[in-house]
Structures are given as structure tokens and as C-alpha cells.
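Q: Structure in C-alpha cells, see below.
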Amino acid sequence: MHTHFMDISMADDALFLIDIDKVLRDKAPRQSKYIPKFIVSYLKHIVHQEELNVFLRESKDKVGVDFLKASLDFLDAKLVVKGQENLPADKLCTFVSNHPLGGQDGLALGYVLGSFYNGKIKYMVNDLLMNLHGLAPLCIPINKTGKQVKDFPKMVEAGFASDDQLIMFPAGLCSRRQHGVIRDLEWKKAFVVKSVEHHRDVVPIHFDGRNSNFFYNLANLCKLLGIKFNIAMLYLADEMLKNRHKTFTITIKKPIPWQTFTKEKTPLQWAQYVKEIVYKEE
């Protein structure tokens, strides 16, 4: 997933700020000076460079769960949590969720689980938000380009071997609209394989939310035109701010014991089985 367009650069005080000019210079050194000014200002506008940087400066001393709380306050997101009694108190688990938003869902799950487990959580994510300074202690970074690809299995392994609760979005990308229905694309199987290997029960979570029609139409148009660069990613910050002042419902379902994942199905089939549980109406 190309998080890289949203590179977040280091300012003098070692705070990560969003800097589109720098991104363009770094990513397209030869072409950047020919990119019309109006396009650059449009990009700054669409990633809300100024507004987000004000927030990042104000919250620069907050890390982990405190940073998640500050972010949710900034977005004025209200959370309704159902099924909290399903959270295992004394076991290490893998928490897997659908990924409708690409912003508030990651923050909210981290906040709910991080509060319950005293900050002993790790995300395996590579979305826009997870590049943020305040989240660094909670992240197992996944950038599928460059030298990190080789280290990726090691990082996943370290996450599963740790004594942290793990949060994963097995779809990788946030949900798309297909045939009029908004849901995740295929779930990847890594969480099944690794949870069995490390004897972690899997806790399915459903996050209720959606992006704008514009976002889904743009994502589908890019697919139709065969555009490889994930343009829709650029709009995630915009979608996040469009989703301000909303209430989101998080439904925590019953843990699935790791022993459930037998050889009867392939890991990929088990991954889809868990995905169906996530989407099942209670």
C-alpha cells in the first residue's frame, strides 16, 4: 500500500509534520519544479496540511493511548462499545477488524483496547495515521516498499512473540464499494497462521462507519482506469475530517479459540470465515 505519498517529514523539533512540497521533491525530484502551483496547493488542501500540522504541534507531548485520545477529541468522535465483556482479561489475543474508514477506525480501536489493556497493544498497520509521531510506540510499521520488505516477516514475528495485544486490519486497505455494498476486500491469512503458531485466540471486531460516496467512486474509477497509484489514499485525511462529530459503534464479538483453525480449511478460508463473523448481524 503506498503510504509513501503521505510521507511525514521531520521538523527541527523532531516532530513529524506533513510536508507536501518535500514529498514531491523527494519522490519526483526532476518533475517537481514543473508541477503547477495550483496542483500543489490542491494537494495541501486535500491532505489538510495546515490543520493537521496545528494539531500535531499541539499534541506533540502525547504518546500512545494519550495521543489516541487527543486525536479522537480533535475529530470529535464519540464511541459506543458493545460486547466489552468479550475482551479476555488474561490472554494474549489477535484483534481483527473490518476497515471502513482508514482513520477513525484505527484510532478508536487502539484507544478502546489500549485503555482496557493499559497501553499493552501493538498495531500492524500502514495507513496514513500510523505514521504519526504519537503512535510510534504502538506501531509495527509495515511499508511494503524498499528495504523494509525483507524485514517484514521479522517484524510480524516480533509482534506475535511480544506480550502485547495485537490489532490488525486483515484487508490491508480500507473498505471499497462493490456492487453497491461497502465492505472489505479479501482478508489476508497472516493473522490466522500466526495466531495458531503463537496460541493467540482471535477476537473479531466490527466497526460501523463509512467514507463518502466520492471516495468509493474515486477508488472504483481508479480501478476501472487501471491506475496503479492508490489515489484514494490521498483522500483519507479529507475523509477523516468529513467524518468529524460522528458516533461510531464498535462491536466486540466472542473470542475464537486458536484451536478452531484446523487443517479442514486453508488459512485463507479461515480468514474469510472470521471476516463473515465480523459482518454478521448479531
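Just remember, in the C-alpha cells the first chain shown is A, the second B, etc., residues are 1-based per chain, and ligands are 1-based in the order shown.
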Write down as an MDAnalysis selection string the residues of segment 38-282 of chain A whose backbone DSSP state falls under alpha helix (DSSP H).

A: chainID A and resid 38:46 49:58 64:74 104:116 148:161 190:197 213:224 231:234 236:242 267:279

Q: Deliver the residues from the most recent selection as a file, using C-alpha atoms, as an mmCIF file, in the first residue's frame.

A:
```
data_model
loop_
_atom_site.group_PDB
_atom_site.id
_atom_site.type_symbol
_atom_site.label_atom_id
_atom_site.label_comp_id
_atom_site.auth_asym_id
_atom_site.auth_seq_id
_atom_site.Cartn_x
_atom_site.Cartn_y
_atom_site.Cartn_z
ATOM 1 C CA PHE A 38 -2.393 25.080 -8.129
ATOM 2 C CA ILE A 39 -1.902 21.304 -8.037
ATOM 3 C CA VAL A 40 0.486 21.582 -5.100
ATOM 4 C CA SER A 41 -1.967 23.818 -3.191
ATOM 5 C CA TYR A 42 -4.781 21.421 -4.007
ATOM 6 C CA LEU A 43 -2.772 18.538 -2.557
ATOM 7 C CA LYS A 44 -2.030 20.561 0.582
ATOM 8 C CA HIS A 45 -5.715 21.336 0.863
ATOM 9 C CA ILE A 46 -6.841 17.746 0.345
ATOM 10 C CA GLN A 49 -1.665 20.033 5.746
ATOM 11 C CA GLU A 50 -2.124 23.199 7.822
ATOM 12 C CA GLU A 51 -4.944 21.975 10.039
ATOM 13 C CA LEU A 52 -3.339 18.621 10.805
ATOM 14 C CA ASN A 53 0.047 20.213 11.478
ATOM 15 C CA VAL A 54 -1.533 22.560 14.051
ATOM 16 C CA PHE A 55 -2.968 19.502 15.803
ATOM 17 C CA LEU A 56 0.350 17.598 15.555
ATOM 18 C CA ARG A 57 2.210 20.534 17.111
ATOM 19 C CA GLU A 58 -0.338 20.877 19.915
ATOM 20 C CA GLY A 64 0.364 6.062 22.894
ATOM 21 C CA VAL A 65 -3.148 5.939 24.346
ATOM 22 C CA ASP A 66 -2.978 9.641 25.338
ATOM 23 C CA PHE A 67 -2.250 10.567 21.747
ATOM 24 C CA LEU A 68 -5.144 8.380 20.571
ATOM 25 C CA LYS A 69 -7.464 10.173 22.966
ATOM 26 C CA ALA A 70 -6.233 13.589 21.776
ATOM 27 C CA SER A 71 -6.809 12.536 18.150
ATOM 28 C CA LEU A 72 -10.350 11.337 18.859
ATOM 29 C CA ASP A 73 -11.062 14.606 20.708
ATOM 30 C CA PHE A 74 -9.694 16.588 17.752
ATOM 31 C CA GLN A 104 -11.094 6.940 12.977
ATOM 32 C CA ASP A 105 -11.392 3.136 13.000
ATOM 33 C CA GLY A 106 -7.685 2.663 13.697
ATOM 34 C CA LEU A 107 -7.608 5.394 16.330
ATOM 35 C CA ALA A 108 -10.788 4.239 18.055
ATOM 36 C CA LEU A 109 -9.812 0.560 18.263
ATOM 37 C CA GLY A 110 -6.403 1.493 19.601
ATOM 38 C CA TYR A 111 -7.991 3.751 22.194
ATOM 39 C CA VAL A 112 -10.619 1.223 23.376
ATOM 40 C CA LEU A 113 -8.193 -1.715 23.542
ATOM 41 C CA GLY A 114 -5.275 0.401 24.742
ATOM 42 C CA SER A 115 -7.368 1.732 27.641
ATOM 43 C CA PHE A 116 -8.530 -1.774 28.582
ATOM 44 C CA GLN A 148 11.582 -2.978 4.901
ATOM 45 C CA VAL A 149 10.077 -5.717 2.756
ATOM 46 C CA LYS A 150 12.877 -8.055 3.797
ATOM 47 C CA ASP A 151 12.304 -7.255 7.476
ATOM 48 C CA PHE A 152 8.539 -7.587 7.249
ATOM 49 C CA PRO A 153 8.320 -11.254 8.366
ATOM 50 C CA LYS A 154 10.684 -10.432 11.236
ATOM 51 C CA MET A 155 8.504 -7.537 12.380
ATOM 52 C CA VAL A 156 5.339 -9.612 12.220
ATOM 53 C CA GLU A 157 7.087 -12.387 14.122
ATOM 54 C CA ALA A 158 8.259 -9.944 16.795
ATOM 55 C CA GLY A 159 4.723 -8.598 17.168
ATOM 56 C CA PHE A 160 3.227 -12.047 17.688
ATOM 57 C CA ALA A 161 6.024 -13.132 20.025
ATOM 58 C CA ALA A 190 -1.357 -13.966 8.097
ATOM 59 C CA PHE A 191 -3.395 -13.394 11.256
ATOM 60 C CA VAL A 192 -4.690 -16.990 11.156
ATOM 61 C CA VAL A 193 -1.308 -18.612 10.553
ATOM 62 C CA LYS A 194 0.469 -16.538 13.208
ATOM 63 C CA SER A 195 -2.296 -16.740 15.821
ATOM 64 C CA VAL A 196 -2.204 -20.547 15.622
ATOM 65 C CA GLU A 197 1.577 -20.574 15.768
ATOM 66 C CA ASN A 213 -19.626 8.361 -1.983
ATOM 67 C CA PHE A 214 -16.909 10.472 -3.583
ATOM 68 C CA PHE A 215 -14.232 8.264 -2.001
ATOM 69 C CA TYR A 216 -15.782 4.980 -3.195
ATOM 70 C CA ASN A 217 -16.443 6.355 -6.676
ATOM 71 C CA LEU A 218 -12.867 7.596 -6.953
ATOM 72 C CA ALA A 219 -11.458 4.246 -5.795
ATOM 73 C CA ASN A 220 -13.633 2.396 -8.327
ATOM 74 C CA LEU A 221 -12.762 4.825 -11.119
ATOM 75 C CA CYS A 222 -9.031 4.323 -10.499
ATOM 76 C CA LYS A 223 -9.557 0.581 -10.643
ATOM 77 C CA LEU A 224 -11.557 0.874 -13.855
ATOM 78 C CA ILE A 231 -5.042 7.952 -5.429
ATOM 79 C CA ALA A 232 -7.854 7.256 -2.975
ATOM 80 C CA MET A 233 -5.218 7.101 -0.209
ATOM 81 C CA LEU A 234 -4.607 10.824 -0.680
ATOM 82 C CA LEU A 236 -8.111 9.569 3.568
ATOM 83 C CA ALA A 237 -7.233 12.672 5.600
ATOM 84 C CA ASP A 238 -10.108 14.505 3.937
ATOM 85 C CA GLU A 239 -12.478 11.604 4.649
ATOM 86 C CA MET A 240 -11.306 11.561 8.243
ATOM 87 C CA LEU A 241 -12.232 15.218 8.684
ATOM 88 C CA LYS A 242 -15.555 14.755 6.842
ATOM 89 C CA PRO A 267 -5.721 -20.374 6.362
ATOM 90 C CA LEU A 268 -7.210 -18.146 3.645
ATOM 91 C CA GLN A 269 -10.596 -19.862 4.027
ATOM 92 C CA TRP A 270 -10.398 -19.436 7.798
ATOM 93 C CA ALA A 271 -9.608 -15.741 7.273
ATOM 94 C CA GLN A 272 -12.828 -15.350 5.225
ATOM 95 C CA TYR A 273 -14.706 -17.332 7.902
ATOM 96 C CA VAL A 274 -13.633 -14.778 10.536
ATOM 97 C CA LYS A 275 -14.485 -11.934 8.166
ATOM 98 C CA GLU A 276 -18.039 -13.313 7.792
ATOM 99 C CA ILE A 277 -18.383 -13.365 11.609
ATOM 100 C CA VAL A 278 -17.302 -9.712 11.708
ATOM 101 C CA TYR A 279 -20.010 -8.729 9.223
#
```

Q: Just give me the gap between atom CA of Gly103 of chain A and atom CA of Pro36 of chain A in Å, one decimal is fine.

A: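 Distance between the two atoms: 29.2 Å.
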
Q: Please extract the residues of segment 21-251 of chain A with a backbone DSSP assignment of strand (DSSP E) and present them as a PyMOL selection string.

A: chain A and resi 78-82+93-97+121-125+139-141+165-168+176-178+181-183+201-208+247-251

Q: Looking at only C-alpha atoms, which of A:His99, A:Lys91, A:Arg176, A:Arg183 is the one that sits closest to Asp164 of chain A?

A: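 Answer, going by the shortest atom-to-atom distance: A:Lys91.
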
Q: Give me, please, the distance in Å between atom CA of Arg244 of chain A and atom CA of Ser212 of chain A, quoted to one decimal.

A: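 Computed distance, atom CA of Arg244 of chain A to atom CA of Ser212 of chain A, equals 12.3 Å.
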
Q: For the atom pair atom CA of Trp187 of chain A and atom CA of Gly172 of chain A, what is the interatomic distance in Å to one decimal place?

A: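 These two atoms are separated by 7.6 Å.
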
Q: Return the single residue from A:Thr249, A:Asn243, A:Asn98, A:Thr260 that is closest to Lys188 of chain A, with distances computed using only C-alpha atoms.

A: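 For Lys188 of chain A, the nearest of the given residues is A:Asn98.
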